[in-house]
Amino acid sequence: MFPLWRNLSSVTRRVISPSAANFFSLRTPQTLSVCVTPNRKSSGKRFNVPPSAEFVARVSGIPTMAKLPFQETADGLDAAFIGVPIDTGTSNRPGARFGPRQIRVESAMLRSYNSGTRAGPYDSIMVADIGDVNVNVYDLKDTCKRIREAYRKVLATGCIPLTMGGDHTIAYPILQAVAEKHGPVGLVHVDAHADTSDVVLGEKIGHGTPFRRCVEEGLLDCKRVVQIGLRGTGYSADSYEWSRAQGFRVVQVEECWFKSLAPLMAEVRAQMGSGPVYLSFDIDALDPGFAPGTGTPEIAGLTPIQGVEIIRGCRGLNLVGCDLVEVSPPYDTTGNTALTGANLLYEMLCVLPKVKYF
């Protein structure tokens, strides 16, 4: 048994991709020879490039996000995948603490280039998987403190965090750290729920309250907040009155049915402007027919196509962080929810600043 990335030299690990080599020849289980093409479409810098499944079996190796190399810190990275494995803030079905692990497993299907947009993130920026925040599964408030402190360190390096949840509580401490660095940020929030409750069962911190707390602490530029896909039964006739009163744009799911969301995203880009923006995507924004593995499913949701349109529509924004939350593997019998989550995270990577398109 040989750990996949440890077997390859540091140079070899950074260039394995179909466009990066004329041929690969396996000499022994421990060695891999690479001949690099002189006309590779990159800046000439060496980046972390996942091994191609043409040459390295998807089922081999220790799972990392997209089979990227693991490193312990964000030092030297432009972007990093980070897991936050908690579900202590959930109000219905648990299991999201296993989300990061399963997303990593399903991400073995990902390839280096985006065939739809021609984005080449691994030819453009340095990316790695930096593991999980060491959460406290017994104490949600302590977990929020740990998340905030972990993200302060990540952001201090200039790295953009791409987060795998975990329940949506995590957006609150992440945005605390993000706003410390960037000031109040715009927010593209994709979700079935507004997550703006004040108190739930006597508690102010949970997956139904993060954006209420963010507004109270001045973490959001409220005129640059959009919530897309909101739906379901509510505790009042207008469940989104509070959001609108803060200046949020609310796009209920009925406004999204039977249409492309590309025109909507053109309006969102204009709303966000050139300021810093955070993208938060709850997998329950998608209809449970596509993404059943989640804690609070609501029928009549967005399609995966619309989810991709929303993320691709964020290209050109000054994205300073992204998350994909609420994947609950125990309710994901086929693995398709985690697979969808992995693909959406890859799409987020593709729209980060400095990513090249070929």
# chains A, B, ... in the order shown; residues from 1 in each chain; ligands from 1
call {"tool": "residues_around", "arguments": {"residues": "stretch 311-322 of chain A", "least_positions_apart": "2", "cutoff": "7 Å", "atoms": "only C-alpha atoms", "output": "list in words"}}
result
Ile160, Pro161, Leu162, Thr163, Ala262, Met265, Ala266, Arg269, Ser274, Gly275, Pro276, Val277, Tyr278, Leu279, Ser280, Gly307, Val308, Glu309, Glu347, Met348, Val351, Leu352 and Pro353 of chain A
call {"tool": "residues_around", "arguments": {"residues": "A:Asp139", "least_positions_apart": "2", "cutoff": "12 Å", "atoms": "only C-alpha atoms", "output": "list in words"}}
result
Ile86, Asp87, Thr88, Gly89, Val135, Asn136, Val137, Lys141, Asp142, Thr143, Cys144, Lys145, Arg146, Ile205 and Gly206 of chain A
call {"tool": "residues_around", "arguments": {"residues": "A:Arg111", "least_positions_apart": "4", "cutoff": "8 Å", "atoms": "only C-alpha atoms", "output": "list in words"}}
result
Pro50, Ser52, Ala53 and Ala66 of chain A
call {"tool": "residues_around", "arguments": {"residues": "A:Cys222", "least_positions_apart": "3", "cutoff": "7 Å", "atoms": "only C-alpha atoms", "output": "number ranges by chain"}}
result
A: 225, 246-248
